[in-house]
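K.L.:
So here's structure_22.txt (compact mmCIF, C-alpha atoms).
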# COMPACT_ATOMS: atom_id res chain seq x y z
CA LEU X 1 30.71 5.89 15.98
CA ASN X 2 29.70 2.23 16.07
CA ASN X 3 27.82 2.53 19.36
CA HIS X 4 26.10 5.85 18.82
CA ALA X 5 24.38 7.79 16.06
CA ARG X 6 26.77 9.07 13.42
CA MET X 7 26.94 12.71 14.45
CA ALA X 8 28.48 15.19 12.05
CA PRO X 9 29.71 18.40 13.74
CA SER X 10 32.23 20.50 11.85
CA LEU X 11 35.00 19.00 14.02
CA LEU X 12 34.45 15.69 12.23
CA LEU X 13 36.10 17.08 9.12
CA LEU X 14 39.34 17.58 11.08
CA LEU X 15 39.62 13.95 12.14
CA PRO X 16 42.16 11.77 10.31
CA SER X 17 40.57 9.18 8.04
CA ILE X 18 40.94 5.47 8.72
CA ALA X 19 43.42 3.60 6.57
CA THR X 20 41.84 1.16 4.15
CA ALA X 21 44.58 -1.45 4.16
CA VAL X 22 43.59 -3.04 7.47
CA TRP X 23 39.97 -3.82 6.75
CA LYS X 24 40.57 -4.64 3.09
CA SER X 25 43.12 -7.24 4.12
CA THR X 26 40.48 -8.55 6.54
CA VAL X 27 38.04 -9.01 3.64
CA THR X 28 40.52 -10.95 1.55
CA SER X 29 42.66 -12.74 4.14
CA GLN X 30 40.58 -15.91 4.14
CA SER X 31 40.39 -16.12 0.36
CA SER X 32 40.93 -19.58 -1.09
CA GLY X 33 37.85 -19.93 -3.30
CA LEU X 34 36.94 -19.68 -6.97
CA LEU X 35 39.41 -16.87 -7.76
CA GLY X 36 42.26 -18.04 -5.54
CA GLU X 37 44.24 -15.60 -3.39
CA ASN X 38 43.41 -11.86 -3.40
CA PRO X 39 40.40 -11.96 -5.76
CA ARG X 40 39.52 -8.68 -7.52
CA VAL X 41 36.02 -8.18 -6.17
CA PRO X 42 34.50 -5.19 -4.33
CA HIS X 43 35.37 -4.27 -0.75
CA ALA X 44 32.38 -1.87 -0.69
CA PHE X 45 28.93 -1.56 -2.23
CA LEU X 46 26.85 1.52 -2.97
CA LEU X 47 23.46 -0.15 -2.66
CA GLY X 48 21.17 2.56 -4.00
CA GLY X 49 18.33 3.25 -3.65
CA GLN X 50 17.18 3.76 -7.17
CA LYS X 51 16.42 7.41 -8.07
CA CYS X 52 17.65 8.50 -4.62
CA GLY X 53 20.91 10.23 -5.55
CA SER X 54 23.27 7.25 -5.57
CA THR X 55 24.74 8.29 -8.93
CA SER X 56 25.45 11.76 -7.54
CA LEU X 57 27.18 10.15 -4.55
CA PHE X 58 29.15 7.94 -6.93
CA LYS X 59 30.23 11.00 -8.94
CA ASN X 60 31.46 12.55 -5.69
CA LEU X 61 33.46 9.41 -4.93
CA GLU X 62 35.07 9.62 -8.37
CA GLU X 63 36.85 12.75 -7.12
CA TRP X 64 39.21 10.43 -5.23
CA PRO X 65 42.13 9.11 -7.30
CA LYS X 66 42.08 5.49 -8.37
CA THR X 67 44.83 4.78 -5.88
CA ASP X 68 42.20 5.43 -3.16
CA MET X 69 38.91 4.31 -4.76
CA CYS X 70 38.44 2.37 -7.99
CA PRO X 71 34.97 1.49 -9.34
CA GLY X 72 36.40 -0.54 -12.20
CA LYS X 73 35.30 -0.31 -15.82
CA SER X 74 32.63 -1.45 -18.21
CA LEU X 75 33.61 -4.36 -20.45
CA ALA X 76 33.15 -4.87 -24.19
CA GLY X 77 29.48 -5.13 -25.07
CA GLU X 78 28.28 -3.48 -21.84
CA PRO X 79 26.65 -0.05 -21.54
CA GLY X 80 28.78 2.74 -20.13
CA PHE X 81 26.94 2.84 -16.81
CA TYR X 82 28.42 -0.56 -15.95
CA ARG X 83 31.48 1.39 -14.85
CA LYS X 84 29.37 2.33 -11.81
CA GLU X 85 26.91 -0.54 -11.54
CA LYS X 86 27.80 -4.11 -12.42
CA HIS X 87 24.39 -5.78 -11.80
CA PHE X 88 26.07 -9.01 -10.76
CA PHE X 89 24.17 -9.91 -7.59
CA ASP X 90 20.67 -8.66 -8.49
CA HIS X 91 18.21 -11.17 -9.97
CA ALA X 92 20.93 -13.81 -9.70
CA THR X 93 21.30 -17.43 -8.64
CA MET X 94 24.33 -19.12 -7.12
CA GLU X 95 25.00 -20.95 -10.39
CA LYS X 96 24.89 -17.70 -12.37
CA LEU X 97 27.36 -16.15 -9.94
CA LYS X 98 29.75 -19.07 -10.21
CA ASP X 99 29.60 -18.95 -14.01
CA GLY X 100 30.05 -15.18 -14.15
CA ILE X 101 32.61 -14.47 -11.41
CA ALA X 102 35.61 -14.31 -13.77
CA ARG X 103 33.90 -11.66 -15.89
CA TYR X 104 32.77 -9.76 -12.79
CA SER X 105 36.33 -9.71 -11.50
CA ALA X 106 37.57 -8.50 -14.91
CA HIS X 107 35.72 -5.21 -14.32
CA PHE X 108 38.39 -4.40 -11.72
CA ASP X 109 41.44 -5.33 -13.79
CA GLY X 110 43.74 -2.33 -13.83
CA CYS X 111 42.69 -1.04 -10.40
CA PRO X 112 45.68 -0.38 -8.12
CA VAL X 113 46.37 -3.19 -5.67
CA ASP X 114 45.62 -1.20 -2.52
CA SER X 115 42.63 0.80 -3.81
CA LEU X 116 39.09 0.41 -2.53
CA LEU X 117 37.01 -1.53 -5.08
CA MET X 118 33.34 -0.57 -5.27
CA ASP X 119 30.20 -1.78 -7.06
CA GLY X 120 27.46 0.88 -7.17
CA THR X 121 24.43 -1.09 -8.39
CA PRO X 122 21.26 0.66 -7.12
CA ASN X 123 19.15 -2.50 -7.47
CA TYR X 124 20.99 -4.18 -4.62
CA LEU X 125 19.03 -2.34 -1.92
CA CYS X 126 15.56 -3.04 -3.27
CA ASP X 127 16.19 -6.58 -4.55
CA THR X 128 15.83 -8.29 -1.19
CA SER X 129 17.19 -11.61 -2.44
CA THR X 130 20.61 -9.96 -2.85
CA PRO X 131 21.98 -9.81 0.75
CA LYS X 132 21.71 -13.51 1.51
CA LEU X 133 23.15 -14.41 -1.90
CA LEU X 134 26.02 -11.92 -1.65
CA LYS X 135 27.02 -13.06 1.83
CA SER X 136 26.92 -16.73 0.90
CA PHE X 137 28.87 -16.20 -2.31
CA TYR X 138 31.64 -14.21 -0.62
CA GLU X 139 32.05 -16.64 2.25
CA VAL X 140 31.33 -20.04 0.71
CA GLU X 141 32.41 -19.67 -2.91
CA LEU X 142 35.15 -17.03 -2.63
CA GLY X 143 36.36 -17.95 0.86
CA MET X 144 36.27 -14.30 1.93
CA ASN X 145 35.29 -12.53 5.15
CA SER X 146 32.02 -10.73 4.43
CA SER X 147 31.89 -9.08 7.85
CA ALA X 148 34.43 -6.46 6.72
CA ILE X 149 32.54 -5.33 3.61
CA LYS X 150 31.22 -1.75 3.75
CA PHE X 151 27.79 -0.68 2.49
CA VAL X 152 26.43 2.79 1.72
CA ALA X 153 22.81 3.65 0.91
CA VAL X 154 21.07 6.91 -0.02
CA LEU X 155 17.36 7.39 0.73
CA ARG X 156 14.84 10.03 -0.31
CA ASN X 157 11.11 10.58 0.12
CA PRO X 158 9.65 7.35 -1.31
CA ILE X 159 6.76 9.19 -3.01
CA PHE X 160 9.13 11.47 -4.91
CA ARG X 161 11.41 8.52 -5.63
CA ALA X 162 8.54 6.57 -7.20
CA MET X 163 7.36 9.56 -9.22
CA SER X 164 10.89 10.18 -10.47
CA GLU X 165 11.14 6.57 -11.60
CA TYR X 166 7.72 6.80 -13.26
CA GLU X 167 8.67 9.95 -15.21
CA HIS X 168 11.99 8.40 -16.21
CA GLY X 169 10.26 5.21 -17.30
CA VAL X 170 7.68 7.01 -19.39
CA ARG X 171 10.31 9.11 -21.16
CA SER X 172 12.47 6.03 -21.74
CA HIS X 173 9.48 4.00 -23.01
CA TRP X 174 9.78 1.27 -20.39
CA ALA X 175 7.05 -1.28 -21.01
CA ASN X 176 5.86 -1.40 -17.39
CA PHE X 177 5.22 2.38 -17.34
CA GLU X 178 4.30 3.30 -20.88
CA ASN X 179 0.63 4.15 -21.47
CA LYS X 180 -0.08 4.08 -17.72
CA THR X 181 -1.03 7.00 -15.52
CA TRP X 182 0.63 7.72 -12.18
CA GLU X 183 -2.63 6.83 -10.45
CA GLU X 184 -2.65 3.42 -12.17
CA ILE X 185 0.95 2.78 -11.08
CA VAL X 186 0.01 3.63 -7.48
CA ALA X 187 -3.04 1.34 -7.54
CA GLU X 188 -1.08 -1.57 -9.06
CA GLY X 189 1.78 -1.11 -6.60
CA ILE X 190 -0.47 -1.10 -3.55
CA GLU X 191 -2.37 -4.16 -4.75
CA SER X 192 0.79 -6.10 -5.61
CA PHE X 193 2.53 -5.46 -2.30
CA SER X 194 -0.63 -6.10 -0.26
CA ALA X 195 -0.76 -9.59 -1.78
CA LYS X 196 2.91 -10.19 -0.90
CA LYS X 197 2.39 -8.98 2.65
CA ALA X 198 -0.68 -11.17 3.12
CA ALA X 199 1.27 -14.21 1.91
CA ALA X 200 4.14 -13.41 4.28
CA ASP X 201 1.80 -12.83 7.22
CA SER X 202 0.08 -16.16 6.60
CA SER X 203 3.42 -17.97 6.92
CA VAL X 204 4.37 -16.43 10.25
CA SER X 205 5.11 -18.95 12.98
CA LEU X 206 5.30 -18.38 16.71
CA SER X 207 9.09 -18.27 16.55
CA SER X 208 9.76 -16.18 13.46
CA LYS X 209 8.35 -13.36 11.36
CA VAL X 210 8.69 -13.60 7.61
CA LEU X 211 9.65 -10.36 5.88
CA PRO X 212 7.95 -9.83 2.50
CA GLU X 213 10.31 -9.70 -0.45
CA THR X 214 10.43 -6.50 -2.50
CA THR X 215 11.30 -5.66 -6.08
CA CYS X 216 12.81 -2.42 -7.39
CA LYS X 217 9.84 -1.11 -9.34
CA ALA X 218 7.52 1.77 -8.56
CA LEU X 219 6.21 1.84 -4.98
CA GLU X 220 8.15 -1.17 -3.65
CA GLY X 221 11.44 0.54 -4.41
CA GLY X 222 10.71 2.99 -1.57
CA LEU X 223 10.04 0.44 1.19
CA TYR X 224 13.39 1.26 2.77
CA SER X 225 12.88 -0.13 6.26
CA LEU X 226 11.86 -3.50 4.87
CA GLN X 227 14.83 -3.53 2.50
CA LEU X 228 17.29 -2.57 5.25
CA ARG X 229 15.86 -5.22 7.59
CA HIS X 230 16.62 -7.86 4.95
CA TRP X 231 20.22 -6.61 4.75
CA LEU X 232 20.58 -6.44 8.54
CA GLU X 233 19.56 -10.09 8.80
CA HIS X 234 22.85 -11.00 7.10
CA PHE X 235 25.35 -8.26 7.95
CA ARG X 236 26.36 -6.30 11.07
CA PRO X 237 24.88 -2.81 11.62
CA GLU X 238 28.30 -1.12 11.69
CA GLN X 239 28.91 -2.25 8.11
CA PHE X 240 26.25 0.20 6.90
CA LEU X 241 26.08 3.94 6.41
CA VAL X 242 22.68 5.34 5.40
CA VAL X 243 22.42 8.97 4.33
CA SER X 244 19.54 11.04 3.00
CA PHE X 245 19.29 12.78 -0.35
CA GLN X 246 18.83 16.05 1.54
CA GLN X 247 22.11 15.57 3.40
CA LEU X 248 23.93 14.84 0.16
CA LEU X 249 22.40 17.89 -1.53
CA PHE X 250 22.51 20.52 1.21
CA GLU X 251 25.42 19.34 3.39
CA PRO X 252 27.83 17.74 0.91
CA GLY X 253 31.00 18.52 2.85
CA VAL X 254 29.84 16.99 6.11
CA THR X 255 28.10 14.08 4.38
CA MET X 256 31.06 13.15 2.19
CA GLY X 257 33.37 13.45 5.20
CA VAL X 258 31.34 10.78 7.01
CA VAL X 259 31.17 8.64 3.85
CA ALA X 260 34.96 8.89 3.56
CA ASP X 261 35.42 7.81 7.18
CA HIS X 262 33.06 4.88 6.68
CA LEU X 263 34.95 3.71 3.60
CA GLY X 264 38.39 4.45 5.00
CA LEU X 265 39.18 7.16 2.44
CA PRO X 266 41.15 10.37 3.06
CA HIS X 267 39.04 13.52 3.36
CA ARG X 268 38.45 15.87 0.45
CA ASN X 269 36.78 19.27 0.39
CA PHE X 270 33.26 19.18 -1.08
CA ARG X 271 31.32 22.39 -1.62
CA LYS X 272 28.57 20.88 -3.75
CA THR X 273 27.19 17.55 -4.92
CA PHE X 274 27.21 16.57 -8.58
CA ASN X 275 23.71 16.72 -10.10
CA ALA X 276 23.66 13.39 -11.86
CA ASN X 277 20.62 12.18 -13.82
CA GLY X 278 18.88 15.50 -13.26
CA GLY X 279 15.77 16.37 -15.23
CA GLU X 280 12.50 18.26 -15.25
CA TYR X 281 9.94 16.22 -13.36
CA LYS X 282 6.32 16.96 -12.68
CA GLN X 283 5.30 17.61 -9.11
CA PRO X 284 4.02 14.29 -7.78
CA ILE X 285 0.41 14.03 -6.78
CA VAL X 286 0.65 13.37 -3.06
CA SER X 287 -2.70 11.66 -2.61
CA HIS X 288 -3.94 10.31 0.71
CA ARG X 289 -3.76 6.81 -0.72
CA VAL X 290 -0.04 6.89 -1.50
CA VAL X 291 0.75 8.77 1.74
CA ASN X 292 -1.07 6.12 3.76
CA PHE X 293 0.71 3.33 1.90
CA PHE X 294 4.15 4.65 2.87
CA LYS X 295 3.16 5.87 6.35
CA GLU X 296 3.63 2.49 8.05
CA HIS X 297 6.98 1.93 6.34
CA ASN X 298 8.29 5.41 7.15
CA GLU X 299 7.31 4.90 10.79
CA ASP X 300 9.17 1.59 10.75
CA LEU X 301 12.20 3.38 9.29
CA ALA X 302 12.08 5.74 12.30
CA LEU X 303 12.08 2.70 14.60
CA LEU X 304 15.00 1.24 12.68
CA ARG X 305 16.97 4.46 13.14
CA LYS X 306 16.40 4.24 16.89
CA LYS X 307 17.41 0.58 17.03
CA TYR X 308 20.50 0.97 14.83
CA PRO X 309 21.64 4.60 15.22
CA GLN X 310 25.17 3.63 14.16
CA CYS X 311 23.85 2.95 10.64
CA PHE X 312 22.40 6.41 10.00
CA LEU X 313 24.03 9.80 9.46
CA ASP X 314 22.38 12.33 11.78
CA THR X 315 23.05 15.98 10.97
CA PRO X 316 21.48 19.04 12.64
CA ASP X 317 19.83 20.50 9.54
CA SER X 318 18.98 17.71 7.12
CA ARG X 319 17.75 14.60 8.84
CA PHE X 320 15.37 12.06 7.34
CA ARG X 321 12.55 14.60 7.39
CA PHE X 322 10.35 12.74 4.91
CA VAL X 323 9.66 10.23 7.70
CA GLU X 324 7.57 12.89 9.46
CA ASP X 325 6.48 15.00 6.46
CA PRO X 326 5.49 13.25 3.21
CA LYS X 327 5.80 16.52 1.25
CA VAL X 328 9.53 16.94 1.97
CA PHE X 329 11.56 15.51 -0.88
Represent the structure of the file as structure tokens.
P.N.:
Amino acid sequence: LNNHARMAPSLLLLLPSIATAVWKSTVTSQSSGLLGENPRVPHAFLLGGQKCGSTSLFKNLEEWPKTDMCPGKSLAGEPGFYRKEKHFFDHATMEKLKDGIARYSAHFDGCPVDSLLMDGTPNYLCDTSTPKLLKSFYEVELGMNSSAIKFVAVLRNPIFRAMSEYEHGVRSHWANFENKTWEEIVAEGIESFSAKKAAADSSVSLSSKVLPETTCKALEGGLYSLQLRHWLEHFRPEQFLVVSFQQLLFEPGVTMGVVADHLGLPHRNFRKTFNANGGEYKQPIVSHRVVNFFKEHNEDLALLRKKYPQCFLDTPDSRFRFVEDPKVF
């Protein structure tokens, strides 16, 4: 699977899963850093994206017993969703990580020794400062082998993703969305990223191309190819599995079988995907302006799939169709 696209025929579900002990010991075998031997930190990360179905995927993963997969717990004073997402590496600095590592590790107290530890923070994909920081912290500060960490990402049509976030933000009274129309959010997002891209383009040298940084808000949260390129600058392609929201929704058994193989978990039978964070959302206005904004990035995502087919789940019925059709969710 590492040298070819991740195909998912029905036969895949009959294959034995890969034992987790080997690669987990590879992650921790070099450990001699801030937490000493065998630190309680994640072996795997569910990166997001935001409003793409990552919580539904996490709910599916909770079907495994803690002896197989353990996401940890929320600590005193933290909201309940910190059981899934710890928000340790997003918007962080190396000093903050050093100061907070004991508390981060405490989230996983009580997890069985041989279980897979996972952090499911959806900001990690879109906060493009995270991959470099995470890799450096694991290797330099924790003395761990980052090349054995596993990553999973879920993507959906970026227009629908942005509209879903907008509706959620309005209903939750988020300051950056309240009293703003969808059209205003689109205009601000295009203007903001255009300025970032121009600044990055102006710093390009003959020997290197500078990738613009992205944030997690509104339109930038759906610039998947750019986000994945940042991650692939620091980690090997075979460490990633990227699935689509359609695959998770319409082919849960096949999709979760491939996720299980990627994470080294035993197979389970999935007939449906949990509908987490569901709600009634207005149909997004698919204007030419927003379609054109994402067109270049969706085309680049198609190129990325060709370059790194081992990263992407490819199923017969539910591929990444939004790349070709902006009206497919």
K.L.:
Counting only C-alpha atoms, write as a ChimeraX atom specification all protein and nucleic acid residues lying at most 10 Å from (9.9, 0.7, -5.9) in the file's frame.
P.N.:
/X:49-51,123,126-127,158-159,161-163,165-166,189,214-224
K.L.:
Using all atoms listed in the file, which of the listed residues (X:Leu304, X:Met256, X:Ala102, X:Val41) sits closest to Ser146 in chain X?
P.N.:
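Under the stated criterion, the closest residue is X:Val41.
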K.L.:
Can you pull out the residues contacting Met118 in chain X? Cut-off 12 Å, using only C-alpha atoms, and skip same-chain residues under 3 positions away; I want them as a ChimeraX atom specification.
P.N.:
/X:24,40-47,58,61-62,66,68-73,82-86,104-105,107-108,111,115,121,149-152,263
K.L.:
Interatomic distance between CA of Asn269 in chain X and CA of Gly253 in chain X?
P.N.:
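These two atoms are separated by 6.3 Å.
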K.L.:
How many Å lie between CA of Leu301 in chain X and CA of Ser225 in chain X, rounded to one decimal?
P.N.:
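Interatomic distance, CA of Leu301 in chain X to CA of Ser225 in chain X: 4.7 Å.
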K.L.:
Find the residues around Val154 in chain X up to 6 Å (only C-alpha atoms counted), leave out those fewer than 4 positions away in its own chain, and share them as a list in words.
P.N.:
Gly48, Gly49, Cys52, Ser54, Val242, Val243 and Ser244 of chain X
K.L.:
To one decimal place, how far is CA of Phe177 in chain X from CA of Ser287 in chain X in Å?
P.N.:
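Going from CA of Phe177 in chain X over to CA of Ser287 in chain X, I get 19.1 Å.
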K.L.:
Rank X:Val186, X:Ala200, X:Ala175, X:Ala302 by their smallest atom-to-atom distance to Val286 in chain X, using only C-alpha atoms, and report the top residue only.
P.N.:
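Among the listed residues, the smallest separation from Val286 in chain X belongs to X:Val186.
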K.L.:
I need the residue nearest Phe89 in chain X from this list: X:Asp109, X:Glu299, X:Asp119, X:Glu238. Use only C-alpha atoms for the distance.
P.N.:
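Among the listed residues, X:Asp119 lies closest to Phe89 in chain X.
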K.L.:
Residues around (8.7, -8.5, -0.6), cut-off 8 Å, counting all atoms listed in the file - what are they as a PyMOL selection string?
P.N.:
chain X and resi 128+193+196-197+211-215+220
K.L.:
Kindly indicate which residue among X:Asp90, X:Leu57, X:Phe137, X:Ile190 lies nearest to Val290 in chain X, using only C-alpha atoms for the distances.
P.N.:
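Of all the options, X:Ile190 lies closest to Val290 in chain X.
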K.L.:
Once 3 Å is added on each side, what centre and edge lengths in Å to one decimal does the axis-aligned box around all listed atoms of range 250-265 of chain X have, as lines of an AutoDock Vina configuration file?
P.N.:
center_x = 30.8
center_y = 12.1
center_z = 4.0
size_x = 22.7
size_y = 22.8
size_z = 12.3
